[in-house]
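So this block is target.tsv, TSV, C-alpha atoms:
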chain	number	residue	atom	x	y	z
X	20	MET	CA	-172.68	-50.41	72.99
X	21	ALA	CA	-169.90	-48.29	74.37
X	22	LYS	CA	-170.84	-44.70	75.04
X	23	MET	CA	-169.73	-42.51	72.18
X	24	ASN	CA	-167.17	-39.85	72.93
X	25	THR	CA	-169.12	-36.74	71.96
X	26	ASN	CA	-166.15	-34.48	72.58
X	27	GLY	CA	-163.69	-35.92	70.06
X	28	ASN	CA	-162.55	-33.81	67.12
X	29	ALA	CA	-163.74	-36.28	64.49
X	30	TYR	CA	-167.16	-36.59	66.08
X	31	THR	CA	-167.53	-32.82	66.34
X	32	ILE	CA	-166.60	-32.24	62.70
X	33	ILE	CA	-168.85	-35.01	61.38
X	34	TYR	CA	-171.72	-33.85	63.58
X	35	ALA	CA	-171.43	-30.27	62.34
X	36	SER	CA	-171.19	-31.36	58.69
X	37	VAL	CA	-174.18	-33.69	58.82
X	38	MET	CA	-176.25	-31.08	60.63
X	39	VAL	CA	-175.45	-28.37	58.10
X	40	ILE	CA	-176.25	-30.63	55.15
X	41	ILE	CA	-179.60	-31.67	56.62
X	42	VAL	CA	-180.53	-28.07	57.37
X	43	ALA	CA	-179.47	-26.93	53.90
X	44	PHE	CA	-181.69	-29.52	52.22
X	45	LEU	CA	-184.60	-28.67	54.49
X	46	LEU	CA	-184.37	-24.93	53.87
X	47	ALA	CA	-183.91	-25.35	50.13
X	48	PHE	CA	-187.00	-27.54	50.04
X	49	VAL	CA	-189.15	-25.10	52.04
X	50	ALA	CA	-187.96	-22.10	50.03
X	51	SER	CA	-188.66	-23.69	46.66
X	52	ALA	CA	-192.01	-25.14	47.79
X	53	LEU	CA	-193.28	-21.74	48.94
X	54	LYS	CA	-191.72	-19.63	46.17
X	55	PRO	CA	-194.72	-19.60	43.78
X	56	THR	CA	-197.11	-18.48	46.56
X	57	GLN	CA	-194.69	-15.77	47.67
X	58	ASP	CA	-194.19	-14.47	44.14
X	59	ALA	CA	-197.94	-14.35	43.62
X	60	ASN	CA	-198.29	-12.31	46.83
X	61	VAL	CA	-195.65	-9.83	45.72
X	62	ALA	CA	-197.27	-9.47	42.29
X	63	LEU	CA	-200.72	-8.96	43.80
X	64	ASP	CA	-199.35	-6.39	46.23
X	65	THR	CA	-197.72	-4.50	43.35
X	66	LYS	CA	-201.03	-4.57	41.45
X	67	LYS	CA	-202.81	-3.09	44.46
X	68	GLN	CA	-200.21	-0.35	44.66
X	69	ILE	CA	-200.63	0.49	40.98
X	70	LEU	CA	-204.42	0.56	41.38
X	71	SER	CA	-203.99	2.92	44.35
X	72	SER	CA	-202.31	5.40	42.04
X	73	LEU	CA	-205.59	5.39	40.05
X	74	ASN	CA	-207.47	6.18	43.28
X	75	ILE	CA	-208.78	2.62	43.45
X	76	ARG	CA	-207.93	1.66	47.00
X	77	ASP	CA	-208.60	-0.88	49.75
X	78	LEU	CA	-209.65	-3.78	47.55
X	79	ALA	CA	-209.80	-7.37	48.74
X	80	ASP	CA	-207.34	-9.73	47.07
X	81	ALA	CA	-209.74	-11.26	44.55
X	82	GLU	CA	-211.32	-7.91	43.66
X	83	ALA	CA	-207.91	-6.33	43.12
X	84	GLU	CA	-206.91	-9.08	40.70
X	85	ALA	CA	-210.10	-8.66	38.65
X	86	LYS	CA	-210.03	-4.87	38.76
X	87	TYR	CA	-206.40	-4.82	37.63
X	88	THR	CA	-207.16	-6.95	34.58
X	89	GLU	CA	-210.17	-4.75	33.81
X	90	VAL	CA	-208.48	-1.37	34.20
X	91	ILE	CA	-204.87	-1.75	33.03
X	92	THR	CA	-204.70	-1.76	29.24
X	93	SER	CA	-200.97	-2.09	28.64
X	94	GLY	CA	-197.70	-2.43	30.52
X	95	GLU	CA	-196.14	-4.91	32.91
X	96	LEU	CA	-195.75	-4.62	36.68
X	97	ASN	CA	-192.18	-3.41	36.24
X	98	SER	CA	-192.63	-1.22	33.14
X	99	PRO	CA	-191.66	2.45	33.42
X	100	THR	CA	-195.09	3.42	32.09
X	101	LEU	CA	-198.47	1.69	31.93
X	102	THR	CA	-201.74	2.78	30.44
X	103	ALA	CA	-205.14	2.36	32.01
X	104	ASN	CA	-208.77	2.96	31.23
X	105	VAL	CA	-210.78	4.17	34.23
X	106	ASP	CA	-214.49	4.69	33.58
X	107	GLY	CA	-213.84	5.34	29.89
X	108	GLU	CA	-211.01	7.80	30.47
X	109	GLU	CA	-207.49	6.94	29.45
X	110	LYS	CA	-204.73	7.43	32.02
X	111	LEU	CA	-200.98	7.11	31.78
X	112	ILE	CA	-199.23	5.64	34.84
X	113	VAL	CA	-195.58	6.54	35.30
X	114	ALA	CA	-193.53	4.46	37.72
X	115	VAL	CA	-191.30	6.53	40.00
X	116	LYS	CA	-188.31	5.28	41.97
X	117	GLY	CA	-185.97	7.13	44.26
X	118	ALA	CA	-184.25	7.31	47.62
X	119	GLY	CA	-185.71	8.44	50.92
X	120	LEU	CA	-183.93	9.08	54.21
X	121	TRP	CA	-183.33	5.47	55.22
X	122	GLY	CA	-184.04	3.41	52.16
X	123	PRO	CA	-185.63	3.23	48.72
X	124	LEU	CA	-188.90	4.95	47.81
X	125	TRP	CA	-191.10	3.97	44.93
X	126	GLY	CA	-194.55	4.67	43.61
X	127	TRP	CA	-196.69	5.48	40.61
X	128	VAL	CA	-198.10	8.75	39.30
X	129	SER	CA	-201.14	8.58	37.05
X	130	ILE	CA	-201.70	11.37	34.56
X	131	ASN	CA	-204.86	12.53	32.78
X	132	LYS	CA	-205.25	12.39	29.01
X	133	ASP	CA	-204.37	16.10	28.78
X	134	GLY	CA	-200.81	15.10	29.71
X	135	GLU	CA	-200.78	18.00	32.16
X	136	THR	CA	-202.63	17.19	35.34
X	137	VAL	CA	-202.13	14.47	37.92
X	138	TYR	CA	-205.01	12.01	38.31
X	139	GLY	CA	-203.66	10.19	41.37
X	140	THR	CA	-200.49	8.99	43.05
X	141	PHE	CA	-199.24	6.21	45.21
X	142	PHE	CA	-195.98	6.21	47.15
X	143	ASN	CA	-194.40	3.50	49.23
X	144	HIS	CA	-191.18	3.14	51.16
X	145	GLU	CA	-189.03	0.47	52.67
X	146	SER	CA	-187.92	1.93	55.98
X	147	GLU	CA	-188.86	5.58	56.50
X	148	THR	CA	-189.45	6.76	60.07
X	149	ALA	CA	-192.83	5.60	61.41
X	150	GLY	CA	-195.19	8.52	62.00
X	151	LEU	CA	-192.99	10.94	60.01
X	152	GLY	CA	-191.49	9.94	56.66
X	153	ALA	CA	-193.64	6.82	56.60
X	154	ARG	CA	-196.69	9.06	56.20
X	155	ILE	CA	-195.96	9.45	52.48
X	156	LYS	CA	-197.65	6.04	52.26
X	157	GLU	CA	-200.89	7.49	53.64
X	158	GLN	CA	-203.76	8.49	51.43
X	159	TRP	CA	-204.13	12.09	52.62
X	160	PHE	CA	-200.61	12.89	51.42
X	161	GLN	CA	-201.06	11.12	48.09
X	162	ASP	CA	-204.40	12.86	47.55
X	163	LEU	CA	-202.70	16.26	47.79
X	164	PHE	CA	-201.32	15.61	44.30
X	165	LYS	CA	-204.72	15.20	42.66
X	166	GLY	CA	-205.26	17.81	39.96
X	167	LYS	CA	-201.78	19.34	40.32
X	168	LYS	CA	-200.05	20.52	37.15
X	169	ILE	CA	-196.91	18.71	36.05
X	170	TYR	CA	-195.22	21.33	33.86
X	171	GLN	CA	-194.13	24.90	34.19
X	172	ASP	CA	-192.81	26.41	30.93
X	173	GLY	CA	-192.46	22.97	29.37
X	174	LYS	CA	-190.30	21.56	32.16
X	175	VAL	CA	-191.34	19.13	34.88
X	176	ALA	CA	-192.01	21.29	37.92
X	177	LEU	CA	-194.33	19.12	40.04
X	178	GLY	CA	-192.72	18.98	43.44
X	179	VAL	CA	-192.93	18.70	47.20
X	180	TYR	CA	-191.84	21.70	49.26
X	181	LYS	CA	-191.85	22.71	52.90
X	182	GLN	CA	-194.46	25.34	53.60
X	183	GLY	CA	-193.09	28.68	52.44
X	184	LYS	CA	-189.97	27.13	50.87
X	185	ALA	CA	-191.26	26.70	47.31
X	186	PRO	CA	-189.66	28.97	44.69
X	187	ALA	CA	-191.60	32.23	44.53
X	188	THR	CA	-192.17	31.83	40.79
X	189	LEU	CA	-193.81	28.43	41.19
X	190	PRO	CA	-197.62	28.53	41.24
X	191	THR	CA	-199.33	26.53	44.00
X	192	GLU	CA	-200.91	24.31	41.35
X	193	ASN	CA	-197.42	22.92	40.72
X	194	TYR	CA	-196.48	21.64	44.18
X	195	VAL	CA	-197.78	20.12	47.40
X	196	ASP	CA	-196.71	20.72	51.00
X	197	ALA	CA	-194.11	18.41	52.49
X	198	VAL	CA	-194.87	16.09	55.40
X	199	THR	CA	-194.17	17.96	58.66
X	200	GLY	CA	-191.05	16.67	60.36
X	201	ALA	CA	-190.03	14.59	57.37
X	202	THR	CA	-188.09	17.02	55.23
X	203	LEU	CA	-185.55	14.52	53.91
X	204	THR	CA	-188.17	11.94	52.96
X	205	SER	CA	-190.25	14.69	51.31
X	206	ASN	CA	-187.19	15.87	49.38
X	207	GLY	CA	-186.74	12.26	48.27
X	208	VAL	CA	-190.31	12.18	46.95
X	209	ASN	CA	-189.70	15.51	45.21
X	210	ASP	CA	-186.50	14.31	43.49
X	211	MET	CA	-188.05	10.97	42.60
X	212	ILE	CA	-191.08	12.58	40.91
X	213	GLN	CA	-189.06	15.16	39.01
X	214	LYS	CA	-186.43	12.70	37.79
X	215	CYS	CA	-188.82	9.95	36.72
X	216	LEU	CA	-191.36	12.27	35.10
X	217	SER	CA	-188.56	14.05	33.20
X	218	ASP	CA	-187.15	10.70	32.07
X	219	ASN	CA	-190.56	9.72	30.76
X	220	GLN	CA	-191.46	13.08	29.24
X	221	GLY	CA	-191.38	11.49	25.78
X	222	ALA	CA	-193.95	8.89	26.80
X	223	ILE	CA	-196.16	11.58	28.33
X	224	GLU	CA	-196.03	13.65	25.13
X	225	ALA	CA	-196.80	10.58	23.02
X	226	PHE	CA	-199.74	9.70	25.31
X	227	LYS	CA	-201.18	13.20	24.99
X	228	ASN	CA	-201.37	13.08	21.20
H	24	MET	CA	-193.70	-38.80	85.47
H	25	SER	CA	-197.08	-37.96	84.06
H	26	LEU	CA	-197.45	-35.55	81.20
H	27	PHE	CA	-199.41	-32.99	83.17
H	28	SER	CA	-197.75	-33.29	86.57
H	29	LYS	CA	-197.44	-30.40	88.96
H	30	GLU	CA	-193.80	-29.82	87.97
H	31	ASN	CA	-194.74	-29.60	84.32
H	32	GLY	CA	-197.53	-27.20	85.18
H	33	GLU	CA	-194.99	-24.96	86.81
H	34	VAL	CA	-192.65	-25.25	83.85
H	35	PHE	CA	-195.51	-23.97	81.69
H	36	MET	CA	-197.06	-21.38	84.01
H	37	GLY	CA	-193.86	-19.90	85.45
H	38	PRO	CA	-192.89	-17.88	82.38
H	39	LEU	CA	-196.46	-16.65	81.97
H	40	ASN	CA	-196.34	-14.87	85.29
H	41	LEU	CA	-193.66	-15.02	87.98
H	42	ASN	CA	-190.82	-15.76	85.60
H	43	ASN	CA	-192.06	-13.77	82.60
H	44	PRO	CA	-189.24	-13.34	80.09
H	45	ILE	CA	-190.01	-9.68	79.46
H	46	ALA	CA	-191.59	-8.43	82.67
H	47	VAL	CA	-189.24	-10.24	85.08
H	48	GLN	CA	-186.15	-11.30	83.17
H	49	VAL	CA	-186.28	-8.25	80.86
H	50	LEU	CA	-185.15	-10.28	77.83
H	51	GLY	CA	-186.20	-9.85	74.20
H	52	ILE	CA	-186.93	-6.16	74.66
H	53	CYS	CA	-185.68	-4.96	71.28
H	54	SER	CA	-188.27	-6.85	69.26
H	55	ALA	CA	-190.92	-5.88	71.80
H	56	LEU	CA	-190.23	-2.27	70.88
H	57	ALA	CA	-190.04	-2.73	67.15
H	58	VAL	CA	-193.15	-4.66	66.23
H	59	THR	CA	-195.75	-3.43	68.71
H	60	SER	CA	-196.98	-0.23	67.10
H	61	GLN	CA	-200.09	-2.17	66.06
H	62	LEU	CA	-201.81	-5.21	67.48
H	63	LYS	CA	-201.75	-7.55	64.49
H	64	PRO	CA	-197.98	-7.65	63.96
H	65	ALA	CA	-197.52	-7.94	67.73
H	66	ILE	CA	-199.70	-11.06	67.79
H	67	VAL	CA	-198.03	-12.61	64.76
H	68	MET	CA	-194.61	-11.90	66.26
H	69	GLY	CA	-195.69	-13.40	69.61
H	70	LEU	CA	-196.99	-16.55	67.90
H	71	SER	CA	-193.89	-16.86	65.73
H	72	VAL	CA	-191.61	-16.66	68.76
H	73	THR	CA	-193.81	-19.17	70.62
H	74	VAL	CA	-193.70	-21.69	67.77
H	75	ILE	CA	-189.99	-21.26	67.20
H	76	THR	CA	-189.08	-21.48	70.90
H	77	ALA	CA	-191.21	-24.59	71.38
H	78	PHE	CA	-189.83	-26.46	68.37
H	79	ALA	CA	-186.24	-25.35	68.91
H	80	ASN	CA	-186.54	-26.51	72.53
H	81	VAL	CA	-187.88	-29.91	71.45
H	82	ILE	CA	-185.22	-30.42	68.77
H	83	ILE	CA	-182.36	-29.41	71.06
H	84	SER	CA	-183.80	-31.54	73.85
H	85	LEU	CA	-183.93	-34.59	71.55
H	86	LEU	CA	-180.37	-33.97	70.38
H	87	ARG	CA	-179.00	-32.94	73.76
H	88	LYS	CA	-177.14	-36.20	74.46
H	89	THR	CA	-175.45	-36.20	71.05
H	90	ILE	CA	-174.45	-32.54	70.79
H	91	PRO	CA	-170.67	-32.05	71.08
H	92	ASN	CA	-170.15	-29.75	74.03
H	93	ARG	CA	-167.67	-27.48	72.27
H	94	ILE	CA	-170.07	-26.52	69.47
H	95	ARG	CA	-173.33	-26.63	71.38
H	96	ILE	CA	-174.07	-22.91	70.94
H	97	ILE	CA	-173.46	-23.24	67.19
H	98	VAL	CA	-175.82	-26.22	67.02
H	99	GLN	CA	-178.47	-24.24	68.90
H	100	LEU	CA	-178.03	-21.31	66.56
H	101	VAL	CA	-178.31	-23.50	63.47
H	102	VAL	CA	-181.55	-25.03	64.75
H	103	VAL	CA	-183.01	-21.62	65.60
H	104	ALA	CA	-181.86	-20.06	62.32
H	105	ALA	CA	-183.39	-22.91	60.31
H	106	LEU	CA	-186.73	-22.59	62.13
H	107	VAL	CA	-186.76	-18.82	61.78
H	108	THR	CA	-186.09	-19.06	58.04
H	109	ILE	CA	-188.94	-21.54	57.65
H	110	VAL	CA	-191.37	-19.37	59.65
H	111	SER	CA	-190.32	-16.28	57.72
H	112	ASN	CA	-190.98	-18.08	54.43
H	113	ILE	CA	-194.38	-19.26	55.63
H	114	LEU	CA	-195.35	-15.75	56.69
H	115	LYS	CA	-194.31	-14.38	53.30
H	116	ALA	CA	-196.41	-17.00	51.56
H	117	TYR	CA	-199.58	-16.82	53.67
H	118	VAL	CA	-199.75	-13.48	55.53
H	119	TYR	CA	-197.84	-11.25	53.17
H	120	ASP	CA	-199.03	-7.92	54.57
H	121	VAL	CA	-197.96	-8.86	58.09
H	122	SER	CA	-194.58	-10.07	56.90
H	123	VAL	CA	-194.05	-6.70	55.23
H	124	GLN	CA	-194.83	-4.97	58.52
H	125	LEU	CA	-192.57	-7.25	60.55
H	126	SER	CA	-189.83	-6.85	57.91
H	127	VAL	CA	-186.43	-7.67	59.38
H	128	TYR	CA	-187.71	-8.48	62.86
H	129	VAL	CA	-188.74	-12.03	61.95
H	130	GLY	CA	-185.16	-12.71	60.92
H	131	LEU	CA	-184.00	-11.10	64.12
H	132	ILE	CA	-185.86	-13.70	66.19
H	133	ILE	CA	-182.59	-15.62	65.74
H	134	THR	CA	-180.92	-13.14	68.06
H	135	ASN	CA	-183.78	-13.07	70.57
H	136	CYS	CA	-182.17	-13.72	73.94
H	137	ILE	CA	-185.26	-15.61	75.15
H	138	LEU	CA	-184.63	-18.39	72.64
H	139	MET	CA	-180.94	-18.90	73.30
H	140	GLY	CA	-181.58	-18.58	77.01
H	141	ARG	CA	-184.22	-21.32	77.03
H	142	LEU	CA	-182.18	-23.64	74.82
H	143	GLU	CA	-179.03	-23.32	76.89
H	144	ALA	CA	-180.68	-23.18	80.32
H	145	PHE	CA	-183.55	-25.62	79.86
H	146	ALA	CA	-183.60	-27.78	76.76
H	147	MET	CA	-179.99	-28.94	77.23
H	148	GLN	CA	-180.94	-30.51	80.59
H	149	ASN	CA	-184.54	-31.62	80.17
H	150	GLY	CA	-186.66	-34.03	78.15
H	151	PRO	CA	-188.56	-33.08	75.00
H	152	TRP	CA	-192.02	-32.78	76.58
H	153	GLU	CA	-190.86	-30.53	79.42
H	154	SER	CA	-188.86	-28.51	76.91
H	155	PHE	CA	-191.92	-28.16	74.68
H	156	LEU	CA	-193.98	-26.82	77.59
H	157	ASP	CA	-191.16	-24.51	78.59
H	158	GLY	CA	-190.94	-23.17	75.04
H	159	ILE	CA	-194.69	-22.61	74.72
H	160	GLY	CA	-194.80	-21.01	78.16
H	161	ASN	CA	-191.95	-18.62	77.46
H	162	GLY	CA	-193.25	-17.77	74.00
H	163	LEU	CA	-196.71	-16.99	75.36
H	164	GLY	CA	-195.22	-15.04	78.26
H	165	TYR	CA	-193.45	-12.91	75.66
H	166	ALA	CA	-196.57	-12.71	73.48
H	167	ILE	CA	-198.77	-11.49	76.37
H	168	VAL	CA	-196.56	-8.49	76.98
H	169	LEU	CA	-196.35	-7.76	73.23
H	170	VAL	CA	-200.12	-7.86	72.95
H	171	ILE	CA	-200.58	-5.50	75.90
H	172	VAL	CA	-198.06	-3.04	74.48
H	173	GLY	CA	-199.49	-3.39	70.95
H	174	PHE	CA	-203.02	-2.80	72.23
H	175	VAL	CA	-202.12	0.37	74.12
H	176	ARG	CA	-200.00	1.74	71.28
H	177	GLU	CA	-202.57	1.06	68.57
H	178	ILE	CA	-205.55	2.48	70.41
H	179	PHE	CA	-203.79	5.67	71.55
H	180	GLY	CA	-201.49	6.04	68.54
H	181	PHE	CA	-203.99	5.34	65.77
H	182	GLY	CA	-207.39	5.18	67.49
H	183	THR	CA	-207.89	1.71	66.01
H	184	ILE	CA	-207.78	-1.96	67.06
H	185	PHE	CA	-206.83	-4.48	64.36
H	186	GLY	CA	-207.23	-1.57	61.95
H	187	PHE	CA	-210.87	-0.93	62.90
H	188	GLN	CA	-211.65	2.58	64.09
H	189	ILE	CA	-212.51	2.47	67.81
H	190	ILE	CA	-212.34	6.12	68.74
H	191	PRO	CA	-215.28	7.73	66.89
H	192	ASP	CA	-214.39	10.02	63.99
H	193	SER	CA	-216.48	12.81	65.47
H	194	ALA	CA	-214.18	12.95	68.53
H	195	TYR	CA	-211.23	14.15	66.46
H	196	VAL	CA	-210.16	17.77	66.31
H	197	GLU	CA	-210.43	17.78	62.49
H	198	ASN	CA	-214.13	16.98	62.84
H	199	GLY	CA	-214.82	19.43	65.63
H	200	GLY	CA	-214.02	17.13	68.56
H	201	LEU	CA	-211.34	17.41	71.22
H	202	TYR	CA	-209.23	14.31	70.53
H	203	ILE	CA	-205.88	13.92	68.77
H	204	ASN	CA	-204.02	10.65	68.24
H	205	ASN	CA	-200.87	10.56	70.32
H	206	GLY	CA	-198.03	10.47	67.79
H	207	MET	CA	-195.59	9.52	70.55
H	208	MET	CA	-197.30	6.13	70.75
H	209	THR	CA	-196.14	5.26	67.25
H	210	MET	CA	-192.51	5.78	68.28
H	211	PRO	CA	-190.41	2.88	69.60
H	212	ALA	CA	-189.47	4.92	72.69
H	213	MET	CA	-193.07	4.80	73.87
H	214	ALA	CA	-193.02	1.01	73.77
H	215	LEU	CA	-190.22	1.03	76.32
H	216	ILE	CA	-192.25	3.28	78.59
H	217	ILE	CA	-195.29	1.00	78.29
H	218	VAL	CA	-193.13	-2.07	78.98
H	219	ALA	CA	-191.86	-0.26	82.08
H	220	CYS	CA	-195.47	0.39	83.17
H	221	VAL	CA	-196.32	-3.29	82.61
H	222	ILE	CA	-193.34	-4.30	84.77
H	223	TRP	CA	-194.41	-1.81	87.42
H	224	ALA	CA	-197.97	-3.12	87.54
H	225	HIS	CA	-196.76	-6.71	87.48
H	226	ARG	CA	-194.44	-6.13	90.43
H	227	ALA	CA	-197.00	-4.20	92.39
H	228	TYR	CA	-199.42	-7.10	91.97
H	229	ASN	CA	-196.92	-9.90	92.73
H	230	LYS	CA	-195.43	-8.96	96.11
H	231	GLU	CA	-193.03	-11.93	96.02
H	232	LEU	CA	-191.12	-10.29	93.18
H	233	GLU	CA	-190.08	-7.37	95.33
H	234	ALA	CA	-186.41	-7.67	96.13
If you took the structure in this file and wrote it as structure tokens, what would it be?
Amino acid sequence: MAKMNTNGNAYTIIYASVMVIIVAFLLAFVASALKPTQDANVALDTKKQILSSLNIRDLADAEAEAKYTEVITSGELNSPTLTANVDGEEKLIVAVKGAGLWGPLWGWVSINKDGETVYGTFFNHESETAGLGARIKEQWFQDLFKGKKIYQDGKVALGVYKQGKAPATLPTENYVDAVTGATLTSNGVNDMIQKCLSDNQGAIEAFKN
Amino acid sequence: MSLFSKENGEVFMGPLNLNNPIAVQVLGICSALAVTSQLKPAIVMGLSVTVITAFANVIISLLRKTIPNRIRIIVQLVVVAALVTIVSNILKAYVYDVSVQLSVYVGLIITNCILMGRLEAFAMQNGPWESFLDGIGNGLGYAIVLVIVGFVREIFGFGTIFGFQIIPDSAYVENGGLYINNGMMTMPAMALIIVACVIWAHRAYNKELEA
């Protein structure tokens, strides 16, 4: 067999085409074979995040699945509001979405039956600065919200302010301190909470009664 | 030539020490900075690069006599990109939390200079078995440095190893101790400084590397 000319135009074009087709089939196969497992992971992760907003944290995968089914009484993973029953007490969970410094922020705020006070929160981010903005994902920050009041004079006032920068008329029970060195991310959390809670004020009122 | 000849041993051991891709050739630094703030992602990243380098090397080595010279870099890139996509999908399916931490950096393995360097400089001239050893060797050489950096950054930045608390809680200032986690360690800049220290120690130990 004569040695093939591997530098000819025809050979090069055919080689490239065949290679691309093979790779395309391979990748399509892998992606569709693994898709169900990946989707299940994403769903489970979202469930864990929602449970975190009810102060149920650090569960193993199987536990989280069972706990979620036990606790959440209505709502889907992507609903704007969900309801839950934690130890006999009803809670309303409001999904919050917004923008941080570098990318999207999201989370859930759970509210007590009185429709006034925060039961727990969970915030997550895509790409905030590690060690600064990324700390909104940490429990100590989220725990600051516990027991805070949502409304002032009938309007959503719950917010995040730099120390000493909160409006003088706002009582401390209405806000938490921002993360040091992460003003823009903290402002993002503030805007996200105020917008999404205001948007869902109707649902909160309905839940209360 | 036998499978485990002396030459092959050198092909494998070289990149682990005297020809280390990070410590000596100073390649693949960007990902070394990005994923080493904790040990677990550093290890997963090191293993991913090892697997991808080894398989890409073998595939390119098998194809090396058929690859048209004018598009050889494109062929190498397609092979690497395909492998990276597969690995990224596998990570998402089986170690979801780690894949979230590694985020875009798995995809960026495609641009890792170690891979392209090994494909172009080694796999295009050598047989599949040698290329496999070369890929494993270079991947592990990269992984070792990542693990060292990840270890130092996690223990001083978070006081943990693999997420387990190592520095006792009572040692922290909040609990009446004298210790504070070094926030600098969580920053990418600190990874560069640790890599520099690794290079320094490596050179001081291996006199033959001194120019």
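Proximity to Val101 (chain H) was assessed for H:Arg87, H:Val123, H:Ile133, H:Phe185 counting all atoms listed in the file; the smallest distance is recorded for H:Ile133.
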*Excluding Gly166 (chain X) and residues on its chain fewer than 2 positions from it, collect all residues at most 10 Å away from it, counting all atoms listed in the file, and give them as a list in words.*
Ile130, Asn131, Glu135, Thr136, Val137, Tyr138, Gly139, Asp162, Leu163, Phe164, Lys168, Ile169, Glu192 and Asn193 of chain X
_Only residues of chain H matter here; which ones have an atom within 9 Å of chain X, counting all atoms listed in the file? Give them as a ChimeraX atom specification._
/H:88-94,97-98,101-102,105-106,108-109,112-113,115-120,206-207,209-211
*Skipping near chain neighbours, those fewer than 4 positions away, what residues fall within 9 Å of region 158-171 of chain H using only C-alpha atoms, listed as a VMD selection string?*
chain H and resid 34 to 40 42 to 46 50 to 51 55 to 56 58 to 59 61 to 63 65 to 81 137 to 138 141 to 142 146 153 to 154 175 to 176 217 to 218 221
*Measuring atom to atom with only C-alpha atoms, identify which of H:Glu33, H:Glu143, H:Asp157, H:Glu177 is nearest to Ser60 (chain H).*
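Under the stated criterion, the closest residue is H:Glu177.
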_Pairwise distance for CA of Gln99 (chain H) and CA of Leu156 (chain H), rounded to one decimal in Å_ = 18.0 Å
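Here CA of Ala176 (chain X) stands at a distance of 17.9 Å from CA of Leu111 (chain X).
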_I need the residue nearest Ala103 (chain X) from this list: X:Ala197, X:Ser205, X:Pro123, X:Lys132. Use all atoms listed in the file for the distance._
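Closest to Ala103 (chain X), using all atoms listed in the file: X:Lys132.
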*asked:* Report, in Å to a single decimal, how far apart CA of Asp77 (chain X) and CA of Gln158 (chain X) are.
replied: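 Value for the CA of Gln158 (chain X)-CA of Asp77 (chain X) distance: 10.7 Å.
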*Between X:Trp127, X:Tyr87, X:Phe142, X:Phe160, which one has atoms that come closest to Val115 (chain X), using all atoms listed in the file?*
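For Val115 (chain X), the nearest of the given residues is X:Trp127.
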_Given only C-alpha atoms as the basis, pick out the residue of X:Asn97, X:Glu89, X:Arg76, X:Asn104 nearest to Ala62 (chain X)._
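Closest to Ala62 (chain X) of all the choices is X:Asn97.
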_Tell me which residues come within 10 Å of (-203.8, 2.5, 30.0), as a VMD selection string, counting all atoms listed in the file in the file's coordinates._
chain X and resid 90 to 94 100 to 105 108 to 112 129 226
Taking only N, CA and C atoms, show region 156-167 of chain H of the given structure as a PDB file, in the first residue's frame.
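Everything below was put into selection.pdb:
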ATOM      1  N   LEU H 156       2.554   7.076  29.904  1.00  0.00           N
ATOM      2  CA  LEU H 156       3.388   7.325  31.088  1.00  0.00           C
ATOM      3  C   LEU H 156       3.702   8.810  31.224  1.00  0.00           C
ATOM      4  N   ASP H 157       4.030   9.430  30.094  1.00  0.00           N
ATOM      5  CA  ASP H 157       4.359  10.850  30.117  1.00  0.00           C
ATOM      6  C   ASP H 157       3.168  11.669  30.626  1.00  0.00           C
ATOM      7  N   GLY H 158       1.964  11.294  30.155  1.00  0.00           N
ATOM      8  CA  GLY H 158       0.764  12.018  30.576  1.00  0.00           C
ATOM      9  C   GLY H 158       0.491  11.844  32.049  1.00  0.00           C
ATOM     10  N   ILE H 159       0.580  10.586  32.534  1.00  0.00           N
ATOM     11  CA  ILE H 159       0.360  10.331  33.959  1.00  0.00           C
ATOM     12  C   ILE H 159       1.402  11.082  34.787  1.00  0.00           C
ATOM     13  N   GLY H 160       2.647  10.994  34.350  1.00  0.00           N
ATOM     14  CA  GLY H 160       3.740  11.646  35.084  1.00  0.00           C
ATOM     15  C   GLY H 160       3.518  13.145  35.188  1.00  0.00           C
ATOM     16  N   ASN H 161       3.202  13.776  34.054  1.00  0.00           N
ATOM     17  CA  ASN H 161       3.006  15.224  34.079  1.00  0.00           C
ATOM     18  C   ASN H 161       1.776  15.611  34.882  1.00  0.00           C
ATOM     19  N   GLY H 162       0.705  14.818  34.742  1.00  0.00           N
ATOM     20  CA  GLY H 162      -0.499  15.117  35.511  1.00  0.00           C
ATOM     21  C   GLY H 162      -0.229  15.025  37.000  1.00  0.00           C
ATOM     22  N   LEU H 163       0.484  13.970  37.413  1.00  0.00           N
ATOM     23  CA  LEU H 163       0.764  13.809  38.841  1.00  0.00           C
ATOM     24  C   LEU H 163       1.733  14.882  39.322  1.00  0.00           C
ATOM     25  N   GLY H 164       2.689  15.247  38.463  1.00  0.00           N
ATOM     26  CA  GLY H 164       3.621  16.312  38.826  1.00  0.00           C
ATOM     27  C   GLY H 164       2.857  17.595  39.127  1.00  0.00           C
ATOM     28  N   TYR H 165       1.846  17.848  38.297  1.00  0.00           N
ATOM     29  CA  TYR H 165       0.988  19.020  38.498  1.00  0.00           C
ATOM     30  C   TYR H 165       0.160  18.849  39.768  1.00  0.00           C
ATOM     31  N   ALA H 166      -0.400  17.628  39.940  1.00  0.00           N
ATOM     32  CA  ALA H 166      -1.258  17.373  41.100  1.00  0.00           C
ATOM     33  C   ALA H 166      -0.497  17.542  42.414  1.00  0.00           C
ATOM     34  N   ILE H 167       0.777  17.071  42.449  1.00  0.00           N
ATOM     35  CA  ILE H 167       1.542  17.169  43.702  1.00  0.00           C
ATOM     36  C   ILE H 167       1.611  18.616  44.164  1.00  0.00           C
TER      37      ILE H 167
END
